[in-house]
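Colleague: Input file: final-v3.tsv. Contents: TSV, C-alpha atoms.
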```tsv
chain	number	residue	atom	x	y	z
A	1	MET	CA	55.38	-53.61	75.00
A	2	THR	CA	55.94	-52.22	71.51
A	3	PHE	CA	59.23	-50.46	70.77
A	4	PRO	CA	59.81	-47.91	67.99
A	5	PRO	CA	61.68	-49.25	64.92
A	6	GLY	CA	64.98	-47.60	65.89
A	7	ARG	CA	64.96	-49.13	69.35
A	8	ARG	CA	63.89	-52.54	68.03
A	9	PHE	CA	66.91	-52.48	65.69
A	10	ALA	CA	69.21	-51.52	68.56
A	11	LEU	CA	67.87	-54.30	70.79
A	12	LYS	CA	68.29	-56.83	68.00
A	13	ALA	CA	71.88	-55.71	67.45
A	14	ILE	CA	72.62	-56.07	71.16
A	15	ALA	CA	71.09	-59.55	71.22
A	16	LEU	CA	73.20	-60.64	68.25
A	17	ALA	CA	76.33	-59.22	69.86
A	18	LEU	CA	75.63	-61.05	73.12
A	19	THR	CA	75.09	-64.30	71.21
A	20	ALA	CA	78.37	-63.87	69.31
A	21	MET	CA	80.48	-63.00	72.34
A	22	PRO	CA	81.04	-66.59	73.58
A	23	LEU	CA	81.99	-67.73	70.07
A	24	MET	CA	84.42	-64.85	69.59
A	25	ALA	CA	86.00	-65.53	72.97
A	26	ALA	CA	86.39	-69.20	72.10
A	27	ALA	CA	87.99	-68.27	68.78
A	28	GLN	CA	90.85	-66.49	70.53
A	29	ASP	CA	92.22	-69.70	72.09
A	30	TYR	CA	91.14	-72.09	69.33
A	31	PRO	CA	91.73	-75.00	69.27
A	32	LYS	CA	91.68	-76.42	72.80
A	33	ARG	CA	90.65	-79.96	71.89
A	34	PRO	CA	90.68	-82.40	68.93
A	35	ILE	CA	89.05	-81.39	65.64
A	36	THR	CA	86.89	-83.75	63.59
A	37	LEU	CA	87.30	-83.63	59.82
A	38	VAL	CA	84.27	-85.39	58.31
A	39	VAL	CA	84.94	-87.02	54.93
A	40	PRO	CA	81.81	-88.01	52.95
A	41	PHE	CA	83.48	-91.05	51.37
A	42	ALA	CA	84.74	-94.44	52.49
A	43	ALA	CA	88.29	-94.76	53.79
A	44	GLY	CA	91.07	-95.71	51.40
A	45	GLY	CA	90.19	-93.76	48.25
A	46	GLY	CA	92.03	-90.86	46.64
A	47	THR	CA	89.81	-88.25	48.29
A	48	ASP	CA	90.30	-89.84	51.70
A	49	SER	CA	94.09	-89.79	51.19
A	50	ILE	CA	94.06	-86.06	50.42
A	51	ALA	CA	91.90	-85.40	53.48
A	52	ARG	CA	94.30	-87.34	55.70
A	53	GLU	CA	97.33	-85.48	54.35
A	54	LEU	CA	95.57	-82.21	55.12
A	55	GLY	CA	94.49	-83.43	58.55
A	56	LYS	CA	98.07	-84.31	59.48
A	57	PHE	CA	99.30	-80.86	58.42
A	58	LEU	CA	96.57	-79.07	60.38
A	59	SER	CA	97.26	-81.20	63.44
A	60	ASP	CA	100.96	-80.33	63.33
A	61	ARG	CA	100.24	-76.60	62.97
A	62	LEU	CA	97.35	-76.33	65.44
A	63	GLY	CA	98.81	-78.54	68.12
A	64	GLN	CA	95.65	-80.65	68.40
A	65	PRO	CA	94.70	-83.97	66.77
A	66	VAL	CA	92.61	-83.73	63.60
A	67	VAL	CA	90.56	-86.90	63.48
A	68	VAL	CA	89.24	-88.03	60.09
A	69	ASP	CA	85.70	-89.37	60.35
A	70	ASN	CA	84.57	-91.22	57.20
A	71	ARG	CA	80.80	-90.99	56.75
A	72	GLY	CA	79.95	-92.28	53.29
A	73	GLY	CA	76.52	-92.73	51.79
A	74	GLY	CA	73.74	-90.69	50.30
A	75	GLY	CA	75.99	-89.06	47.73
A	76	GLY	CA	77.69	-87.18	50.55
A	77	ALA	CA	74.41	-85.95	52.03
A	78	ILE	CA	74.75	-87.96	55.25
A	79	ALA	CA	78.05	-86.28	56.10
A	80	ALA	CA	76.89	-82.84	54.96
A	81	LYS	CA	73.71	-82.94	57.06
A	82	SER	CA	75.60	-84.04	60.16
A	83	VAL	CA	78.11	-81.20	59.86
A	84	ALA	CA	75.39	-78.63	59.12
A	85	ARG	CA	73.82	-79.51	62.49
A	86	ALA	CA	77.10	-79.27	64.43
A	87	ASP	CA	78.10	-76.30	66.57
A	88	PRO	CA	79.89	-73.56	64.58
A	89	ASP	CA	82.95	-73.64	66.85
A	90	GLY	CA	85.62	-74.96	64.49
A	91	TYR	CA	85.72	-78.45	65.99
A	92	THR	CA	83.67	-80.06	63.21
A	93	LEU	CA	84.76	-79.48	59.61
A	94	LEU	CA	83.56	-81.01	56.35
A	95	PHE	CA	85.88	-82.08	53.56
A	96	VAL	CA	84.00	-81.33	50.34
A	97	THR	CA	84.44	-82.09	46.66
A	98	SER	CA	82.56	-80.96	43.58
A	99	THR	CA	79.92	-83.60	44.35
A	100	PHE	CA	78.95	-81.47	47.39
A	101	VAL	CA	77.44	-79.06	44.84
A	102	THR	CA	76.32	-81.46	42.10
A	103	HIS	CA	74.40	-83.61	44.59
A	104	ALA	CA	72.62	-80.55	45.97
A	105	ALA	CA	71.75	-79.49	42.42
A	106	THR	CA	70.10	-82.82	41.60
A	107	GLU	CA	68.24	-83.66	44.81
A	108	LYS	CA	64.49	-83.61	44.43
A	109	LYS	CA	64.13	-82.46	48.04
A	110	ALA	CA	67.27	-80.69	49.25
A	111	SER	CA	68.79	-82.31	52.33
A	112	TYR	CA	71.17	-79.38	52.86
A	113	ASP	CA	71.61	-75.84	51.59
A	114	VAL	CA	75.06	-75.22	50.13
A	115	LYS	CA	74.88	-71.45	50.71
A	116	LYS	CA	72.93	-71.17	53.98
A	117	ASP	CA	74.04	-74.18	56.01
A	118	PHE	CA	77.81	-73.82	55.71
A	119	THR	CA	80.72	-71.42	56.13
A	120	PRO	CA	83.20	-71.66	53.22
A	121	ILE	CA	86.77	-71.89	54.52
A	122	ALA	CA	89.21	-72.75	51.74
A	123	MET	CA	89.86	-74.67	48.56
A	124	ILE	CA	92.67	-77.20	48.40
A	125	GLY	CA	93.02	-77.91	44.71
A	126	ARG	CA	91.20	-78.54	41.48
A	127	GLY	CA	91.72	-80.44	38.27
A	128	PRO	CA	89.92	-81.60	35.12
A	129	LEU	CA	88.13	-84.84	34.45
A	130	MET	CA	89.26	-87.13	31.67
A	131	VAL	CA	87.01	-88.40	28.90
A	132	VAL	CA	87.88	-92.06	28.36
A	133	THR	CA	86.31	-94.67	26.13
A	134	SER	CA	86.35	-98.45	26.19
A	135	LYS	CA	89.32	-99.92	24.38
A	136	GLY	CA	87.13	-102.05	22.16
A	137	MET	CA	85.42	-99.01	20.68
A	138	GLY	CA	88.57	-97.76	18.98
A	139	PHE	CA	87.67	-94.07	19.40
A	140	LYS	CA	90.47	-91.54	18.91
A	141	SER	CA	88.56	-88.30	19.43
A	142	VAL	CA	85.48	-86.60	20.84
A	143	LYS	CA	84.18	-86.41	17.29
A	144	ASP	CA	84.41	-90.21	17.00
A	145	LEU	CA	82.40	-90.69	20.21
A	146	VAL	CA	79.66	-88.28	19.20
A	147	ALA	CA	79.37	-89.66	15.66
A	148	ALA	CA	79.24	-93.29	16.81
A	149	SER	CA	76.54	-92.55	19.38
A	150	LYS	CA	74.37	-90.88	16.75
A	151	SER	CA	74.87	-93.68	14.23
A	152	LYS	CA	73.42	-96.41	16.45
A	153	PRO	CA	69.63	-96.62	17.03
A	154	GLU	CA	70.22	-97.47	20.68
A	155	GLY	CA	73.09	-95.02	21.05
A	156	LEU	CA	75.92	-95.61	23.49
A	157	ASP	CA	76.17	-95.19	27.24
A	158	PHE	CA	78.41	-93.60	29.83
A	159	CYS	CA	78.96	-94.71	33.39
A	160	SER	CA	79.39	-92.62	36.52
A	161	SER	CA	80.28	-93.03	40.17
A	162	GLY	CA	76.67	-92.30	41.07
A	163	ALA	CA	73.60	-90.29	40.17
A	164	GLY	CA	74.20	-86.65	41.00
A	165	SER	CA	78.01	-86.97	41.01
A	166	VAL	CA	80.26	-84.68	38.98
A	167	THR	CA	81.06	-87.66	36.71
A	168	HIS	CA	77.32	-87.93	36.01
A	169	LEU	CA	76.58	-84.26	35.37
A	170	ALA	CA	79.72	-83.74	33.28
A	171	GLY	CA	78.38	-86.43	30.95
A	172	GLU	CA	74.93	-84.85	30.90
A	173	LEU	CA	76.42	-81.47	30.01
A	174	PHE	CA	78.40	-83.14	27.22
A	175	VAL	CA	75.18	-84.63	25.86
A	176	GLN	CA	73.44	-81.27	25.97
A	177	LYS	CA	76.26	-79.48	24.17
A	178	THR	CA	76.97	-82.12	21.50
A	179	GLY	CA	73.65	-83.85	20.92
A	180	ALA	CA	75.42	-87.17	21.51
A	181	LYS	CA	73.10	-90.10	22.10
A	182	LEU	CA	74.48	-91.31	25.43
A	183	THR	CA	72.53	-93.05	28.19
A	184	HIS	CA	73.65	-92.61	31.77
A	185	VAL	CA	74.47	-95.77	33.77
A	186	PRO	CA	75.02	-94.93	37.47
A	187	TYR	CA	77.05	-97.07	39.86
A	188	LYS	CA	77.50	-97.01	43.62
A	189	GLY	CA	80.98	-95.55	43.56
A	190	SER	CA	83.86	-95.22	41.13
A	191	GLY	CA	85.15	-98.72	41.98
A	192	PRO	CA	82.27	-100.75	40.53
A	193	ALA	CA	81.91	-98.27	37.66
A	194	THR	CA	85.55	-98.86	36.75
A	195	VAL	CA	85.21	-102.65	36.88
A	196	ASP	CA	82.37	-102.70	34.36
A	197	PHE	CA	83.97	-100.02	32.21
A	198	LEU	CA	87.23	-101.97	31.92
A	199	ALA	CA	85.21	-105.06	31.02
A	200	GLY	CA	83.62	-103.16	28.12
A	201	ARG	CA	80.12	-103.20	29.58
A	202	THR	CA	79.91	-99.41	29.27
A	203	HIS	CA	81.33	-97.23	26.52
A	204	ALA	CA	82.47	-93.92	28.00
A	205	PHE	CA	83.42	-92.47	31.36
A	206	PHE	CA	83.87	-88.82	32.40
A	207	ALA	CA	86.24	-89.94	35.12
A	208	THR	CA	88.39	-88.27	37.73
A	209	PHE	CA	92.13	-88.60	37.24
A	210	PRO	CA	92.70	-90.68	40.41
A	211	THR	CA	90.07	-93.17	39.24
A	212	MET	CA	91.37	-93.80	35.74
A	213	LEU	CA	94.99	-92.59	35.57
A	214	GLN	CA	96.66	-95.99	35.93
A	215	TYR	CA	94.48	-97.49	33.21
A	216	VAL	CA	95.22	-94.66	30.79
A	217	LYS	CA	98.95	-95.08	31.41
A	218	SER	CA	98.75	-98.84	30.88
A	219	GLY	CA	96.76	-98.45	27.66
A	220	ALA	CA	93.74	-100.33	29.03
A	221	VAL	CA	91.41	-97.50	27.94
A	222	ASP	CA	91.48	-94.71	25.36
A	223	MET	CA	91.71	-91.15	26.65
A	224	ILE	CA	90.23	-88.78	24.08
A	225	ALA	CA	90.00	-85.46	25.95
A	226	THR	CA	90.19	-83.61	29.24
A	227	THR	CA	87.51	-81.27	30.52
A	228	GLY	CA	89.43	-78.26	31.83
A	229	ALA	CA	90.20	-74.89	30.27
A	230	GLN	CA	93.79	-75.92	29.55
A	231	ARG	CA	95.42	-79.20	28.66
A	232	SER	CA	96.60	-81.41	31.48
A	233	SER	CA	100.29	-81.19	32.30
A	234	LEU	CA	100.29	-84.99	32.59
A	235	PHE	CA	98.92	-85.39	29.05
A	236	PRO	CA	99.97	-82.32	27.05
A	237	ASN	CA	99.15	-84.04	23.74
A	238	VAL	CA	95.53	-84.75	24.68
A	239	PRO	CA	93.13	-81.94	23.67
A	240	THR	CA	90.50	-80.41	25.90
A	241	VAL	CA	86.83	-80.92	25.07
A	242	ALA	CA	86.69	-77.25	24.07
A	243	GLU	CA	89.62	-77.71	21.69
A	244	ALA	CA	87.80	-80.70	20.24
A	245	GLY	CA	85.05	-78.37	19.06
A	246	ILE	CA	82.70	-78.10	22.06
A	247	PRO	CA	82.97	-74.44	23.17
A	248	ASN	CA	82.60	-73.27	26.77
A	249	PHE	CA	83.11	-76.73	28.19
A	250	ASN	CA	85.21	-76.22	31.31
A	251	ILE	CA	84.48	-78.73	34.05
A	252	THR	CA	86.75	-79.46	36.98
A	253	THR	CA	86.60	-81.48	40.13
A	254	TRP	CA	87.88	-79.85	43.30
A	255	TRP	CA	88.49	-80.31	47.01
A	256	GLY	CA	87.83	-77.91	49.86
A	257	ILE	CA	86.85	-77.37	53.49
A	258	VAL	CA	83.61	-75.92	54.90
A	259	ALA	CA	82.17	-75.64	58.41
A	260	PRO	CA	78.71	-75.15	59.90
A	261	ALA	CA	77.19	-71.74	59.22
A	262	GLY	CA	78.16	-69.07	61.70
A	263	LEU	CA	81.80	-70.03	62.25
A	264	PRO	CA	83.56	-66.99	63.81
A	265	ALA	CA	85.66	-64.99	61.36
A	266	PRO	CA	88.95	-65.36	63.29
A	267	ILE	CA	88.72	-69.16	63.05
A	268	VAL	CA	87.79	-68.98	59.36
A	269	THR	CA	90.77	-66.73	58.68
A	270	ARG	CA	93.20	-68.97	60.55
A	271	LEU	CA	92.00	-72.17	58.92
A	272	ASN	CA	92.00	-70.57	55.47
A	273	ALA	CA	95.64	-69.55	55.85
A	274	LEU	CA	96.65	-73.03	57.03
A	275	VAL	CA	94.80	-74.87	54.24
A	276	ASN	CA	96.34	-72.58	51.63
A	277	GLU	CA	99.76	-73.23	53.15
A	278	ALA	CA	99.23	-76.99	53.20
A	279	SER	CA	98.15	-77.24	49.56
A	280	ALA	CA	101.15	-75.21	48.41
A	281	LYS	CA	103.66	-77.52	50.13
A	282	GLU	CA	104.76	-81.12	49.91
A	283	PRO	CA	103.46	-83.73	50.30
A	284	LEU	CA	99.97	-82.44	49.49
A	285	LYS	CA	101.09	-80.36	46.52
A	286	GLY	CA	102.83	-83.35	44.95
A	287	ARG	CA	99.83	-85.60	45.55
A	288	LEU	CA	97.56	-83.15	43.75
A	289	VAL	CA	99.93	-82.86	40.79
A	290	SER	CA	100.36	-86.62	40.53
A	291	GLU	CA	96.58	-86.95	40.24
A	292	GLY	CA	96.20	-84.40	37.46
A	293	ALA	CA	95.26	-81.46	39.67
A	294	GLU	CA	96.99	-78.42	41.12
A	295	ALA	CA	96.90	-76.50	44.37
A	296	TYR	CA	94.32	-73.75	44.42
A	297	SER	CA	94.43	-70.85	46.85
A	298	ALA	CA	91.25	-68.84	47.48
A	299	THR	CA	89.80	-66.61	50.16
A	300	PRO	CA	86.67	-67.81	51.99
A	301	ALA	CA	84.64	-65.24	50.03
A	302	GLU	CA	86.06	-66.42	46.69
A	303	PHE	CA	85.32	-70.03	47.61
A	304	GLY	CA	81.76	-69.08	48.57
A	305	THR	CA	81.25	-67.30	45.25
A	306	MET	CA	82.52	-70.34	43.36
A	307	LEU	CA	80.13	-72.62	45.24
A	308	GLY	CA	77.18	-70.40	44.29
A	309	THR	CA	78.25	-70.17	40.64
A	310	GLU	CA	78.66	-73.92	40.28
A	311	LEU	CA	75.38	-74.63	42.03
A	312	ALA	CA	73.54	-72.37	39.58
A	313	MET	CA	75.31	-73.94	36.59
A	314	TRP	CA	74.54	-77.51	37.60
A	315	ARG	CA	70.93	-76.68	38.43
A	316	GLU	CA	70.56	-75.38	34.89
A	317	VAL	CA	72.04	-78.61	33.51
A	318	VAL	CA	69.61	-80.63	35.64
A	319	LYS	CA	66.66	-78.50	34.52
A	320	THR	CA	67.59	-78.61	30.83
A	321	GLY	CA	68.09	-82.37	30.90
A	322	ASN	CA	65.01	-83.01	33.06
A	323	ILE	CA	67.28	-85.07	35.29
A	324	LYS	CA	65.60	-86.75	38.22
A	325	VAL	CA	67.54	-88.31	41.08
A	326	ASP	CA	65.66	-90.05	43.92
```
Could you spell out this file's structure in structure tokens?
Modeller:
Amino acid sequence: MTFPPGRRFALKAIALALTAMPLMAAAQDYPKRPITLVVPFAAGGGTDSIARELGKFLSDRLGQPVVVDNRGGGGGAIAAKSVARADPDGYTLLFVTSTFVTHAATEKKASYDVKKDFTPIAMIGRGPLMVVTSKGMGFKSVKDLVAASKSKPEGLDFCSSGAGSVTHLAGELFVQKTGAKLTHVPYKGSGPATVDFLAGRTHAFFATFPTMLQYVKSGAVDMIATTGAQRSSLFPNVPTVAEAGIPNFNITTWWGIVAPAGLPAPIVTRLNALVNEASAKEPLKGRLVSEGAEAYSATPAEFGTMLGTELAMWREVVKTGNIKVD
């Protein structure tokens, strides 16, 4: 039987409403059982610590255990794909970082869709990267790094925590904006990248603060710039890349929470309020500050807009640099 357009629209609306009713009903008494917070990195790192601090806070407020499930591998894609397939009921959440977007921007065949497969919930915090160079190079500024790379036939290189990571694409953007002759050397994680970098086997690192902070403080490496819009409160005498003469260079790493697409609005609203509360209080606030970041409060819509903006930016970097990641 064929229905007129107006009736077809009405029937579709009724069907959608009937489908949503069980989810909306479940949202009213959420949560009734433990929540799984999937972390796309191995246990024990800085990101895992932040996730566990958040999980403890949510557990205390919601009255249900929040179980951290570490699922590393695939540049975060393994965890992201598993959460995208989960029921949108609020019992499976994904802890995301900037690599959630950079990995999606570099994949030859996308394993997940940042905008369609997930419901943005909240941001936790964000902070700049630091540009550090091997102690043996003797560089004091961004200008020194760029000039030295151009003066050598083979150029210099920079390491990263993995192809498609924010530490990779930040370096690629630097190359595109400065013309520096830097070759990317990817590692399987920030740990092995740091080992070789400290040994002088690589020359530069666009590193996260948690990865390199102790080595900067001890003088084991030279910190020549930070990548944010403003100087770091931990290193007020270190210029930003933009201040060093590279305009419109504002790169940060961040942490946030998303869920499978279709999460009911009441659950999104409740979780957003709790995450914003957690990041503005101790101990999470202090942990962020100690690692060169700051708490960042955003609505789900604002977080979603940011995800889309960053995805477009990094895709342009990948396209311009003809970057290929298998």
Colleague: Write out as a PyMOL selection string each polymer residue whose atoms come within 8 Å of Arg315 of chain A, counting only C-alpha atoms; drop sequence neighbours fewer than 4 positions from it.
Modeller: chain A and resi 105-106+311+319
Colleague: I need the residue nearest Lys108 of chain A from this list: A:Ile323, A:Val268, A:Val241, A:Leu93. Use only C-alpha atoms for the distance.
Modeller: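 Among A:Ile323, A:Val268, A:Val241, A:Leu93, it is A:Ile323 that comes nearest to Lys108 of chain A.
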Colleague: For Lys135 of chain A, find every residue with an atom within 7 Å (counting only C-alpha atoms), except residues of its own chain fewer than 5 positions away, and show them as a list of chain:residue names.
Modeller: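 What passes the distance filter is A:Ala220, A:Val221, A:Asp222.
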Colleague: Since we have the selection now, will you write its residues out, keeping C-alpha atoms, as an mmCIF file, in the frame of the given file?
Modeller:
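Wrote result23.cif, looks like this:
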```cif
data_model
loop_
_atom_site.group_PDB
_atom_site.id
_atom_site.type_symbol
_atom_site.label_atom_id
_atom_site.label_comp_id
_atom_site.auth_asym_id
_atom_site.auth_seq_id
_atom_site.Cartn_x
_atom_site.Cartn_y
_atom_site.Cartn_z
ATOM 1 C CA ALA A 220 93.740 -100.330 29.030
ATOM 2 C CA VAL A 221 91.410 -97.500 27.940
ATOM 3 C CA ASP A 222 91.480 -94.710 25.360
#
```
Colleague: Got a sec: who's within 7 Å of segment 182-198 of chain A, counting only C-alpha atoms, leaving out chain neighbours fewer than 5 positions off, as a short mmCIF file (atom, residue, chain, number, x, y, z; two decimals) with C-alpha atoms, keeping the file's coordinate frame?
Modeller:
```
data_model
loop_
_atom_site.label_atom_id
_atom_site.label_comp_id
_atom_site.auth_asym_id
_atom_site.auth_seq_id
_atom_site.Cartn_x
_atom_site.Cartn_y
_atom_site.Cartn_z
CA SER A 134 86.35 -98.45 26.19
CA SER A 149 76.54 -92.55 19.38
CA GLY A 155 73.09 -95.02 21.05
CA LEU A 156 75.92 -95.61 23.49
CA ASP A 157 76.17 -95.19 27.24
CA PHE A 158 78.41 -93.60 29.83
CA CYS A 159 78.96 -94.71 33.39
CA SER A 160 79.39 -92.62 36.52
CA SER A 161 80.28 -93.03 40.17
CA GLY A 162 76.67 -92.30 41.07
CA ALA A 163 73.60 -90.29 40.17
CA VAL A 175 75.18 -84.63 25.86
CA HIS A 203 81.33 -97.23 26.52
CA THR A 211 90.07 -93.17 39.24
#
```
Colleague: Quick one: pull the distance between atom CA of Met223 of chain A and atom CA of Gly292 of chain A, Å, one decimal.
Modeller: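 Spanning atom CA of Met223 of chain A to atom CA of Gly292 of chain A is a straight-line distance of 13.5 Å.
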Colleague: When you count only C-alpha atoms, which of these residues is closest to Thr240 of chain A: A:Val131, A:Val67, A:Leu173, A:Thr97?
Modeller: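 Answer, going by the shortest atom-to-atom distance: A:Val131.
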Colleague: Just how far from atom CA of Gly219 of chain A is atom CA of Lys285 of chain A, in Å to one decimal?
Modeller: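 Straight-line distance from atom CA of Lys285 of chain A to atom CA of Gly219 of chain A works out to 26.5 Å.
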Colleague: Could you check the closest approach to Phe205 of chain A for each of A:Thr133, A:Gln64, A:Asn322, A:Asn250 and tell me which residue wins, using all atoms listed in the file?
Modeller: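 So, comparing all the options, the nearest one is A:Thr133.
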Colleague: What is the atom CA of Asn70 of chain A-atom CA of Val38 of chain A distance in Å, reported with one decimal?
Modeller: 5.9 Å
Colleague: Mind completing segment 127-151 of chain A with N, CA and C atoms? Output as a short mmCIF file (atom, residue, chain, number, x, y, z; two decimals), in the coordinates of the input, please?
Modeller:
```
data_model
loop_
_atom_site.label_atom_id
_atom_site.label_comp_id
_atom_site.auth_asym_id
_atom_site.auth_seq_id
_atom_site.Cartn_x
_atom_site.Cartn_y
_atom_site.Cartn_z
N GLY A 127 91.16 -79.87 39.49
CA GLY A 127 91.72 -80.44 38.27
C GLY A 127 90.61 -80.92 37.36
N PRO A 128 90.94 -81.17 36.09
CA PRO A 128 89.92 -81.60 35.12
C PRO A 128 89.54 -83.06 35.29
N LEU A 129 88.47 -83.44 34.63
CA LEU A 129 88.13 -84.84 34.45
C LEU A 129 88.78 -85.31 33.16
N MET A 130 88.80 -86.59 32.95
CA MET A 130 89.26 -87.13 31.67
C MET A 130 88.11 -87.86 30.99
N VAL A 131 88.01 -87.69 29.68
CA VAL A 131 87.01 -88.40 28.90
C VAL A 131 87.69 -89.64 28.33
N VAL A 132 87.27 -90.80 28.81
CA VAL A 132 87.88 -92.06 28.36
C VAL A 132 86.81 -92.94 27.73
N THR A 133 87.24 -93.75 26.79
CA THR A 133 86.31 -94.67 26.13
C THR A 133 86.87 -96.09 26.18
N SER A 134 85.97 -97.04 26.12
CA SER A 134 86.35 -98.45 26.19
C SER A 134 87.29 -98.80 25.04
N LYS A 135 88.28 -99.59 25.37
CA LYS A 135 89.32 -99.92 24.38
C LYS A 135 88.73 -100.56 23.13
N GLY A 136 87.71 -101.35 23.30
CA GLY A 136 87.13 -102.05 22.16
C GLY A 136 86.43 -101.15 21.16
N MET A 137 86.13 -99.92 21.57
CA MET A 137 85.42 -99.01 20.68
C MET A 137 86.34 -98.42 19.62
N GLY A 138 87.61 -98.28 19.94
CA GLY A 138 88.57 -97.76 18.98
C GLY A 138 88.45 -96.27 18.70
N PHE A 139 87.83 -95.52 19.61
CA PHE A 139 87.67 -94.07 19.40
C PHE A 139 88.98 -93.34 19.63
N LYS A 140 89.25 -92.35 18.79
CA LYS A 140 90.47 -91.54 18.91
C LYS A 140 90.16 -90.09 19.27
N SER A 141 88.90 -89.71 19.21
CA SER A 141 88.56 -88.30 19.43
C SER A 141 87.14 -88.15 19.95
N VAL A 142 86.84 -86.94 20.43
CA VAL A 142 85.48 -86.60 20.84
C VAL A 142 84.54 -86.72 19.66
N LYS A 143 85.00 -86.32 18.50
CA LYS A 143 84.18 -86.41 17.29
C LYS A 143 83.78 -87.84 17.01
N ASP A 144 84.71 -88.79 17.21
CA ASP A 144 84.41 -90.21 17.00
C ASP A 144 83.30 -90.68 17.94
N LEU A 145 83.39 -90.28 19.22
CA LEU A 145 82.40 -90.69 20.21
C LEU A 145 81.02 -90.16 19.86
N VAL A 146 80.95 -88.89 19.53
CA VAL A 146 79.66 -88.28 19.20
C VAL A 146 79.06 -88.92 17.96
N ALA A 147 79.86 -89.09 16.91
CA ALA A 147 79.37 -89.66 15.66
C ALA A 147 78.88 -91.09 15.85
N ALA A 148 79.63 -91.89 16.59
CA ALA A 148 79.24 -93.29 16.81
C ALA A 148 77.94 -93.38 17.60
N SER A 149 77.77 -92.50 18.57
CA SER A 149 76.54 -92.55 19.38
C SER A 149 75.32 -92.21 18.54
N LYS A 150 75.50 -91.29 17.60
CA LYS A 150 74.37 -90.88 16.75
C LYS A 150 74.08 -91.90 15.65
N SER A 151 75.05 -92.73 15.34
CA SER A 151 74.87 -93.68 14.23
C SER A 151 74.15 -94.96 14.65
#
```
